[in-house]
Every structure is written in C-alpha cells, then in structure tokens.
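Source file: model.txt; contents: compact mmCIF, C-alpha atoms.
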```txt
# COMPACT_ATOMS: atom_id res chain seq x y z
CA MET A 1 -10.70 -4.09 29.00
CA ILE A 2 -13.88 -2.79 30.60
CA ASP A 3 -15.53 -0.27 28.30
CA ALA A 4 -16.53 2.92 30.10
CA SER A 5 -19.34 3.32 27.54
CA ASP A 6 -21.12 0.18 28.74
CA PRO A 7 -24.80 0.91 29.55
CA GLY A 8 -25.37 1.66 33.18
CA ARG A 9 -21.72 2.28 34.03
CA PRO A 10 -21.47 5.02 36.69
CA ASP A 11 -18.66 7.47 37.20
CA ALA A 12 -15.76 6.00 39.16
CA LEU A 13 -16.93 4.85 42.58
CA THR A 14 -15.10 4.86 45.86
CA VAL A 15 -14.94 1.56 47.72
CA SER A 16 -17.49 2.91 50.21
CA GLU A 17 -19.86 3.85 47.38
CA ALA A 18 -19.53 0.43 45.77
CA VAL A 19 -20.29 -1.26 49.09
CA SER A 20 -23.30 0.94 49.82
CA THR A 21 -24.81 0.71 46.33
CA ARG A 22 -24.31 -3.01 45.65
CA ARG A 23 -27.62 -4.87 45.69
CA SER A 24 -28.76 -8.41 45.00
CA ILE A 25 -30.69 -7.72 41.80
CA ARG A 26 -33.60 -9.97 40.89
CA ALA A 27 -34.72 -8.58 37.52
CA PHE A 28 -32.29 -7.98 34.66
CA LEU A 29 -32.37 -6.47 31.20
CA ASP A 30 -31.43 -8.76 28.31
CA THR A 31 -28.50 -6.49 27.34
CA PRO A 32 -25.54 -8.83 26.65
CA VAL A 33 -22.43 -8.77 28.83
CA ASP A 34 -19.17 -9.28 26.95
CA ASP A 35 -17.12 -12.29 28.08
CA GLU A 36 -13.97 -10.18 28.27
CA VAL A 37 -15.64 -7.83 30.74
CA VAL A 38 -16.38 -10.79 33.00
CA ALA A 39 -12.85 -12.11 32.48
CA GLU A 40 -11.30 -8.81 33.57
CA LEU A 41 -13.50 -8.66 36.67
CA LEU A 42 -12.41 -12.19 37.58
CA ARG A 43 -8.74 -11.33 37.08
CA LYS A 44 -9.05 -8.33 39.37
CA ALA A 45 -11.09 -10.28 41.95
CA SER A 46 -8.34 -12.89 42.20
CA ARG A 47 -6.40 -10.33 44.28
CA ALA A 48 -8.84 -11.08 47.13
CA PRO A 49 -7.24 -12.33 50.37
CA SER A 50 -6.41 -16.03 50.45
CA GLY A 51 -4.85 -17.83 53.40
CA GLY A 52 -1.52 -19.32 52.34
CA ASN A 53 -2.31 -18.04 48.84
CA LEU A 54 -4.24 -21.26 48.15
CA GLN A 55 -6.73 -19.44 45.88
CA PRO A 56 -9.31 -22.21 46.35
CA TRP A 57 -12.00 -20.76 44.06
CA ARG A 58 -12.81 -22.51 40.80
CA VAL A 59 -15.04 -20.48 38.49
CA TYR A 60 -17.01 -21.41 35.38
CA VAL A 61 -18.51 -18.66 33.24
CA VAL A 62 -21.83 -19.10 31.44
CA GLY A 63 -21.71 -16.11 29.11
CA SER A 64 -24.34 -14.58 26.88
CA GLY A 65 -23.43 -17.02 24.11
CA ALA A 66 -24.02 -20.11 26.27
CA MET A 67 -26.94 -19.01 28.47
CA ALA A 68 -29.76 -20.21 26.20
CA ASP A 69 -28.06 -23.59 25.72
CA PHE A 70 -27.54 -23.94 29.47
CA GLN A 71 -31.19 -23.13 30.18
CA GLY A 72 -32.27 -25.73 27.64
CA TYR A 73 -30.01 -28.31 29.24
CA LEU A 74 -31.29 -27.53 32.71
CA GLY A 75 -34.88 -28.00 31.54
CA SER A 76 -34.17 -31.67 30.93
CA ARG A 77 -32.86 -32.30 34.44
CA GLU A 78 -34.55 -32.96 37.79
CA ILE A 79 -33.91 -30.95 40.93
CA GLU A 80 -31.48 -32.69 43.31
CA GLN A 81 -30.65 -32.99 46.96
CA PRO A 82 -28.60 -29.95 47.98
CA GLY A 83 -24.86 -30.33 48.19
CA TYR A 84 -24.87 -28.57 51.58
CA ASP A 85 -27.31 -26.94 54.02
CA ILE A 86 -27.88 -23.34 52.95
CA TYR A 87 -29.17 -22.43 56.43
CA PRO A 88 -28.85 -24.21 59.76
CA PRO A 89 -31.98 -26.19 60.66
CA SER A 90 -34.47 -24.49 63.00
CA LEU A 91 -32.99 -21.00 62.74
CA TRP A 92 -32.91 -19.08 66.01
CA GLU A 93 -33.14 -15.38 66.75
CA PRO A 94 -32.18 -12.89 65.49
CA TYR A 95 -31.35 -14.84 62.32
CA ARG A 96 -34.85 -16.25 61.85
CA THR A 97 -36.43 -12.80 61.92
CA ASN A 98 -33.78 -11.36 59.60
CA ARG A 99 -34.48 -14.04 57.00
CA PHE A 100 -38.27 -13.86 57.38
CA THR A 101 -38.32 -10.08 57.08
CA ILE A 102 -36.35 -9.86 53.84
CA GLY A 103 -38.52 -12.58 52.29
CA GLU A 104 -41.76 -10.80 53.18
CA GLN A 105 -40.43 -7.48 51.90
CA MET A 106 -39.45 -9.04 48.58
CA TYR A 107 -42.80 -10.77 48.03
CA ALA A 108 -44.63 -7.57 48.92
CA LEU A 109 -42.76 -5.71 46.18
CA LEU A 110 -43.67 -8.51 43.77
CA GLY A 111 -47.34 -8.33 44.79
CA ILE A 112 -47.40 -11.98 45.87
CA GLU A 113 -49.55 -12.80 48.89
CA ARG A 114 -48.25 -15.14 51.59
CA GLU A 115 -51.09 -17.60 50.88
CA ASP A 116 -50.35 -17.77 47.15
CA LYS A 117 -48.07 -20.80 47.22
CA ALA A 118 -48.16 -21.32 43.46
CA ALA A 119 -46.97 -17.79 42.76
CA ARG A 120 -44.22 -18.11 45.35
CA LEU A 121 -43.02 -21.38 43.82
CA ALA A 122 -43.07 -19.81 40.35
CA ARG A 123 -41.02 -16.93 41.68
CA MET A 124 -38.53 -19.34 43.26
CA ALA A 125 -38.08 -20.95 39.84
CA GLU A 126 -36.81 -17.61 38.53
CA ASN A 127 -33.66 -18.26 40.55
CA TYR A 128 -32.79 -20.94 38.02
CA ARG A 129 -33.18 -18.52 35.12
CA PHE A 130 -30.82 -16.08 36.84
CA PHE A 131 -33.74 -13.64 37.00
CA GLY A 132 -33.23 -12.99 33.29
CA ALA A 133 -29.54 -12.13 33.53
CA PRO A 134 -27.65 -12.76 30.28
CA ALA A 135 -24.48 -14.02 31.99
CA ALA A 136 -23.44 -15.79 35.16
CA ILE A 137 -20.61 -17.50 36.95
CA PHE A 138 -20.65 -20.70 38.97
CA CYS A 139 -18.24 -20.93 41.91
CA PHE A 140 -16.90 -24.31 42.99
CA ILE A 141 -14.48 -25.39 45.69
CA ASP A 142 -12.63 -28.64 46.29
CA VAL A 143 -14.64 -30.86 48.66
CA ASN A 144 -11.53 -31.40 50.78
CA MET A 145 -11.17 -27.71 51.60
CA GLY A 146 -12.22 -26.51 55.05
CA PRO A 147 -13.93 -23.44 56.56
CA PRO A 148 -10.90 -21.14 56.07
CA GLN A 149 -10.94 -21.80 52.32
CA TRP A 150 -14.72 -21.29 52.15
CA SER A 151 -14.04 -17.94 53.78
CA ASP A 152 -11.49 -17.19 51.06
CA LEU A 153 -14.13 -17.99 48.44
CA GLY A 154 -16.54 -15.60 50.14
CA MET A 155 -13.96 -12.80 50.04
CA PHE A 156 -13.32 -13.52 46.37
CA LEU A 157 -17.05 -13.31 45.62
CA GLN A 158 -17.51 -10.02 47.47
CA THR A 159 -14.52 -8.56 45.66
CA PHE A 160 -15.96 -9.70 42.32
CA MET A 161 -19.37 -8.18 43.04
CA LEU A 162 -17.92 -4.85 44.16
CA LEU A 163 -15.81 -4.69 41.00
CA ALA A 164 -18.93 -5.46 38.95
CA THR A 165 -20.70 -2.58 40.69
CA GLU A 166 -17.82 -0.29 39.77
CA ALA A 167 -18.15 -1.44 36.15
CA GLY A 168 -21.85 -0.56 36.06
CA LEU A 169 -23.01 -4.17 36.28
CA SER A 170 -25.41 -5.74 38.76
CA THR A 171 -25.18 -9.16 40.38
CA CYS A 172 -27.09 -11.61 42.51
CA PRO A 173 -25.25 -14.35 44.43
CA GLN A 174 -27.41 -17.49 44.59
CA GLU A 175 -26.68 -20.36 46.94
CA SER A 176 -29.92 -21.95 45.72
CA TRP A 177 -27.94 -23.45 42.85
CA THR A 178 -26.75 -26.13 45.26
CA MET A 179 -30.08 -27.79 44.37
CA TRP A 180 -28.62 -28.43 40.90
CA SER A 181 -25.03 -29.30 41.85
CA GLU A 182 -24.68 -32.41 39.71
CA ALA A 183 -26.41 -30.94 36.67
CA VAL A 184 -24.37 -27.76 36.74
CA GLY A 185 -21.15 -29.66 37.36
CA GLU A 186 -21.78 -31.89 34.36
CA TYR A 187 -22.64 -28.98 32.08
CA VAL A 188 -19.59 -26.86 32.92
CA GLY A 189 -17.21 -29.82 33.10
CA ALA A 190 -16.28 -29.44 36.76
CA ALA A 191 -13.91 -31.98 38.25
CA GLU A 192 -15.44 -34.75 40.35
CA GLU A 193 -13.88 -33.39 43.54
CA GLU A 194 -15.29 -29.88 43.01
CA LEU A 195 -18.40 -28.87 44.96
CA LEU A 196 -20.73 -26.16 43.68
CA PHE A 197 -21.07 -23.34 46.20
CA CYS A 198 -23.18 -20.81 44.31
CA GLY A 199 -24.07 -19.12 41.08
CA VAL A 200 -23.86 -15.37 40.50
CA ALA A 201 -26.20 -13.69 38.02
CA ILE A 202 -24.50 -10.88 36.07
CA GLY A 203 -26.10 -8.18 33.94
CA TYR A 204 -27.76 -4.80 33.89
CA ALA A 205 -30.56 -4.18 36.39
CA ASP A 206 -34.06 -3.53 35.06
CA PRO A 207 -34.71 0.00 36.39
CA ASP A 208 -38.48 -0.45 36.15
CA ALA A 209 -38.73 -3.65 38.22
CA PRO A 210 -40.16 -2.93 41.70
CA VAL A 211 -38.25 -5.87 43.20
CA ASN A 212 -35.00 -4.06 42.43
CA THR A 213 -35.90 -1.31 44.90
CA LEU A 214 -35.49 -3.77 47.75
CA VAL A 215 -32.82 -2.71 50.24
CA SER A 216 -32.22 -5.22 53.01
CA GLU A 217 -32.05 -3.92 56.57
CA ARG A 218 -28.93 -4.34 58.67
CA MET A 219 -28.86 -4.74 62.43
CA PRO A 220 -27.37 -1.81 64.36
CA LEU A 221 -23.69 -2.02 65.18
CA GLU A 222 -24.25 -2.50 68.90
CA ARG A 223 -26.26 -5.65 68.16
CA TRP A 224 -23.31 -7.53 66.72
CA ALA A 225 -20.09 -5.69 67.66
CA ARG A 226 -18.50 -4.96 71.04
CA PHE A 227 -15.48 -2.83 71.77
CA VAL A 228 -13.55 -4.70 74.43
CA GLU A 229 -12.41 -2.72 77.48
CA PRO A 230 -8.98 -3.30 79.02
CA ARG A 231 -9.04 -6.03 81.68
```
Would you write the structure of this file as structure tokens?
Amino acid sequence: MIDASDPGRPDALTVSEAVSTRRSIRAFLDTPVDDEVVAELLRKASRAPSGGNLQPWRVYVVGSGAMADFQGYLGSREIEQPGYDIYPPSLWEPYRTNRFTIGEQMYALLGIEREDKAARLARMAENYRFFGAPAAIFCFIDVNMGPPQWSDLGMFLQTFMLLATEAGLSTCPQESWTMWSEAVGEYVGAAEEELLFCGVAIGYADPDAPVNTLVSERMPLERWARFVEPR
C-alpha cells in the first residue's frame, strides 16, 4: 500500500488539483521509491479507459534496486535510430511555436545560452539518466496495434501520472527513449513484437532546482475548441 508518510506526499488531492499541479519534473532527489508503491500505482492506473478492454500497455519497471545496473548497461550501448517519429517533420504553426517556446523557457531556467551547443547536448543526455530519478517505468505496445490502442496507452500514462501526483511523487514522461529502443528492450526482456513508446521518470522533485519551476503555457480554449451551433 502507498504510505501516507512518504516524503513529499500532500494531503488528499481532488482530480482537478492533481491535474493542475502535475508537472514534468527534470531534477529529482535520490530518495528511493519503493517498488510496491509503483506496483500499486500501476494497478490503479490499469482502470484507465481501453477500447474493447484490450489493455494494450506493457510496462517494465526499473526500480531503485536496478537503476544503477541499468545505467551501467546503457553506458555500453550506442544511440540508435528512433523507433518512431516523435514529432512530424517540418512542424507548422501553432505547434512549432509551442515547442520552441517551452524549450527556450527551460534552457533559460538552466542558464544555458542558445549558442552553447555543448551545454545543450549535455543537458539532453540527462534524459537518459532520468534526470536523477531513482525509479522509472518503460511503456511498450505491440507493433501491430493501431492509433486507437496508442490512445489507450496515452490514457493509461496520464492516469498513472495523476495517481503518482496524488501519492506525492513526481514524474516526467520521456518519448526520447525511443532513441534507445533496442537497448532498453533487451535489458528489460521485452518481446520482439513490443515497441518502446516512452520512459517515465519517477521520484521526488528537487525543490531547489530552478528547472522544476517551469510551467508550460497552454493555448486559450478558443484557439482549439469550438462549440457547434445548431444547423
């Protein structure tokens, strides 16, 4: 069971509070996360919607006990071709500006200038250390599944991250792990037909890290929603 005495655990949150306070955290404390806590979050998250009840998600947990070994293994491997395109090529507006803006805001908080390519590359490499998180999950899906099942996986992931927020944990979903699909698949023992979608860093946020103050902007409702009038 989740221990209410875990460090960082808030009082019980409403769904709205969990949604509004969830952040993609990019600097973690080294405080361990118990495997059973992660297991309970996964059990609860499995109630996420799933078309036809297929439940297409396949999850592998790299807990605090395995993280150092995994990092050592990864250090012996080469980066790969991605298993899928994270973004469409030649992004158009408003998506291009949305992505550019959040990147510039993050690097500003880190004190990394746009011209400092080496520092930006070093920061990118932190993705593959889970930003110091002591635990993580890797989410796979069968390569034969289609867009509806990928949508199911997305709903599962959001449910998991909101439950983690309720439990006082922080997360960061990372599609960048597609650059290590084969290596990760081999380490966790994924089936040949399973495709790595993302990793999710899990831990306690470092309260003193400036990057963790980043709050991404959202477009106003009228930019992306329309209430249809009767015809």
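Every protein or nucleic acid residue with an atom no more than 12 Å from Arg43 (chain A), counting all atoms listed in the file and leaving out same-chain residues fewer than 6 positions away, appears here: Met1, Ile2, Glu36, Val37, Val59, Phe156, Thr159, Phe160, Leu163 and Ala164 of chain A.
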If I take CA of Ser46 (chain A) and CA of Gly154 (chain A), how far is one from the other in Å, to one decimal?
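Straight-line distance from CA of Ser46 (chain A) to CA of Gly154 (chain A) works out to 11.7 Å.
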Could you build a table of the residues in region 68-165 of chain A lying no more than 12 Å from region 176-181 of chain A, giving for each the nearest pair of atoms and their separation in Å rounded to one decimal place, using all atoms listed in the file, ordered by chain and ascending residue number, as CSV?
```
residue,atom,partner,partner_atom,distance
A:Tyr73,CA,A:Trp180,CA,11.7
A:Leu74,CA,A:Trp180,CA,8.7
A:Gly75,CA,A:Trp180,CA,11.3
A:Ser76,CA,A:Trp180,CA,11.9
A:Arg77,CA,A:Trp180,CA,8.6
A:Glu78,CA,A:Trp180,CA,8.1
A:Ile79,CA,A:Trp180,CA,5.9
A:Glu80,CA,A:Met179,CA,5.2
A:Gln81,CA,A:Met179,CA,5.8
A:Pro82,CA,A:Met179,CA,4.5
A:Gly83,CA,A:Thr178,CA,5.5
A:Tyr84,CA,A:Thr178,CA,7.0
A:Asp85,CA,A:Thr178,CA,8.8
A:Ile86,CA,A:Ser176,CA,7.6
A:Tyr87,CA,A:Ser176,CA,10.7
A:Met124,CA,A:Ser176,CA,9.3
A:Ala125,CA,A:Ser176,CA,10.1
A:Glu126,CA,A:Ser176,CA,10.9
A:Asn127,CA,A:Ser176,CA,7.4
A:Tyr128,CA,A:Trp177,CA,7.3
A:Arg129,CA,A:Trp177,CA,10.6
A:Phe130,CA,A:Trp177,CA,9.9
A:Ala136,CA,A:Trp177,CA,11.7
A:Ile137,CA,A:Trp177,CA,11.1
A:Phe138,CA,A:Trp177,CA,8.7
A:Cys139,CA,A:Trp177,CA,10.1
A:Phe140,CA,A:Ser181,CA,9.6
A:Ile141,CA,A:Ser181,CA,11.9
```
Using CA of Gly199 (chain A) and CA of Gly65 (chain A) as the two end points, give the distance in Å to one decimal.
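CA of Gly65 (chain A) lies 17.1 Å from CA of Gly199 (chain A).
The nearest approach to Thr31 (chain A) among the residues A:Arg99, A:Glu229, A:Ala209, A:Ile202, with all atoms listed in the file taken into account, belongs to A:Ile202.
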Quick one: everything within 12 Å of Ala108 (chain A), counting all atoms listed in the file, minus sequence neighbours fewer than 4 positions away in the same chain. Send it as a ChimeraX atom specification.
/A:101-104,112-114,116,120,210-211,213-214
Go ahead and write the residues just picked, C-alpha atoms, as an mmCIF file, keeping the file's coordinate frame.
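Full text of again_23.cif as output:
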```cif
data_model
loop_
_atom_site.group_PDB
_atom_site.id
_atom_site.type_symbol
_atom_site.label_atom_id
_atom_site.label_comp_id
_atom_site.auth_asym_id
_atom_site.auth_seq_id
_atom_site.Cartn_x
_atom_site.Cartn_y
_atom_site.Cartn_z
ATOM 1 C CA THR A 101 -38.320 -10.080 57.080
ATOM 2 C CA ILE A 102 -36.350 -9.860 53.840
ATOM 3 C CA GLY A 103 -38.520 -12.580 52.290
ATOM 4 C CA GLU A 104 -41.760 -10.800 53.180
ATOM 5 C CA ILE A 112 -47.400 -11.980 45.870
ATOM 6 C CA GLU A 113 -49.550 -12.800 48.890
ATOM 7 C CA ARG A 114 -48.250 -15.140 51.590
ATOM 8 C CA ASP A 116 -50.350 -17.770 47.150
ATOM 9 C CA ARG A 120 -44.220 -18.110 45.350
ATOM 10 C CA PRO A 210 -40.160 -2.930 41.700
ATOM 11 C CA VAL A 211 -38.250 -5.870 43.200
ATOM 12 C CA THR A 213 -35.900 -1.310 44.900
ATOM 13 C CA LEU A 214 -35.490 -3.770 47.750
#
```
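Of the listed residues (A:Leu195, A:Ala45, A:Ser64, A:Ile25), A:Ala45 comes nearest to Leu162 (chain A); the distances count all atoms listed in the file.
Taking only C-alpha atoms into account, the protein, DNA and RNA residues within 12 Å of (-18.8, -28.5, 34.5) read Arg58, Val59, Tyr60, Val61, Val62, Phe70, Ile137, Phe138, Cys139, Phe140, Trp180, Ser181, Glu182, Ala183, Val184, Gly185, Glu186, Tyr187, Val188, Gly189, Ala190, Ala191, Glu192, Glu193, Glu194, Leu195 and Leu196 of chain A.
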Which of A:Val228, A:Gln71, A:Asp152, A:Asp208 sits closest to Gly52 (chain A) [using all atoms listed in the file]:
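Selected residue with least distance to Gly52 (chain A): A:Asp152.
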Please reconstruct the missing atoms of region 57-81 of chain A (target: N, CA and C atoms) and return them as a compact mmCIF listing (two decimals), in the coordinates of the input.
```
# COMPACT_ATOMS: atom_id res chain seq x y z
N TRP A 57 -10.83 -20.91 44.92
CA TRP A 57 -12.00 -20.76 44.06
C TRP A 57 -11.76 -21.38 42.69
N ARG A 58 -12.80 -22.00 42.17
CA ARG A 58 -12.81 -22.51 40.80
C ARG A 58 -14.08 -21.98 40.16
N VAL A 59 -13.93 -21.24 39.07
CA VAL A 59 -15.04 -20.48 38.49
C VAL A 59 -15.30 -20.92 37.06
N TYR A 60 -16.57 -21.09 36.74
CA TYR A 60 -17.01 -21.41 35.38
C TYR A 60 -17.98 -20.33 34.94
N VAL A 61 -17.72 -19.77 33.76
CA VAL A 61 -18.51 -18.66 33.24
C VAL A 61 -19.52 -19.18 32.22
N VAL A 62 -20.78 -18.86 32.43
CA VAL A 62 -21.83 -19.10 31.44
C VAL A 62 -22.16 -17.73 30.85
N GLY A 63 -21.54 -17.43 29.71
CA GLY A 63 -21.71 -16.11 29.11
C GLY A 63 -22.97 -16.01 28.28
N SER A 64 -23.15 -14.84 27.68
CA SER A 64 -24.34 -14.58 26.88
C SER A 64 -24.49 -15.60 25.75
N GLY A 65 -23.36 -16.07 25.20
CA GLY A 65 -23.43 -17.02 24.11
C GLY A 65 -23.86 -18.41 24.51
N ALA A 66 -23.70 -18.75 25.79
CA ALA A 66 -24.02 -20.11 26.27
C ALA A 66 -25.29 -20.16 27.11
N MET A 67 -25.84 -19.01 27.50
CA MET A 67 -26.94 -19.01 28.47
C MET A 67 -28.16 -19.77 27.96
N ALA A 68 -28.57 -19.54 26.72
CA ALA A 68 -29.76 -20.21 26.20
C ALA A 68 -29.54 -21.72 26.16
N ASP A 69 -28.36 -22.15 25.76
CA ASP A 69 -28.06 -23.59 25.72
C ASP A 69 -28.09 -24.18 27.12
N PHE A 70 -27.53 -23.46 28.08
CA PHE A 70 -27.54 -23.94 29.47
C PHE A 70 -28.96 -24.07 29.99
N GLN A 71 -29.80 -23.07 29.72
CA GLN A 71 -31.19 -23.13 30.18
C GLN A 71 -31.93 -24.31 29.56
N GLY A 72 -31.65 -24.58 28.28
CA GLY A 72 -32.27 -25.73 27.64
C GLY A 72 -31.82 -27.04 28.26
N TYR A 73 -30.55 -27.12 28.58
CA TYR A 73 -30.01 -28.31 29.24
C TYR A 73 -30.64 -28.51 30.61
N LEU A 74 -30.74 -27.43 31.36
CA LEU A 74 -31.29 -27.53 32.71
C LEU A 74 -32.74 -27.99 32.68
N GLY A 75 -33.47 -27.61 31.64
CA GLY A 75 -34.88 -28.00 31.54
C GLY A 75 -35.10 -29.49 31.42
N SER A 76 -34.05 -30.21 31.07
CA SER A 76 -34.17 -31.67 30.93
C SER A 76 -33.75 -32.41 32.19
N ARG A 77 -33.36 -31.68 33.22
CA ARG A 77 -32.86 -32.30 34.44
C ARG A 77 -33.85 -32.14 35.59
N GLU A 78 -33.70 -33.00 36.59
CA GLU A 78 -34.55 -32.96 37.79
C GLU A 78 -33.79 -32.27 38.91
N ILE A 79 -34.52 -31.59 39.77
CA ILE A 79 -33.91 -30.95 40.93
C ILE A 79 -33.32 -32.03 41.84
N GLU A 80 -32.25 -31.70 42.56
CA GLU A 80 -31.48 -32.69 43.31
C GLU A 80 -31.50 -32.38 44.81
N GLN A 81 -30.91 -33.27 45.56
CA GLN A 81 -30.65 -32.99 46.96
C GLN A 81 -29.53 -31.96 47.04
```
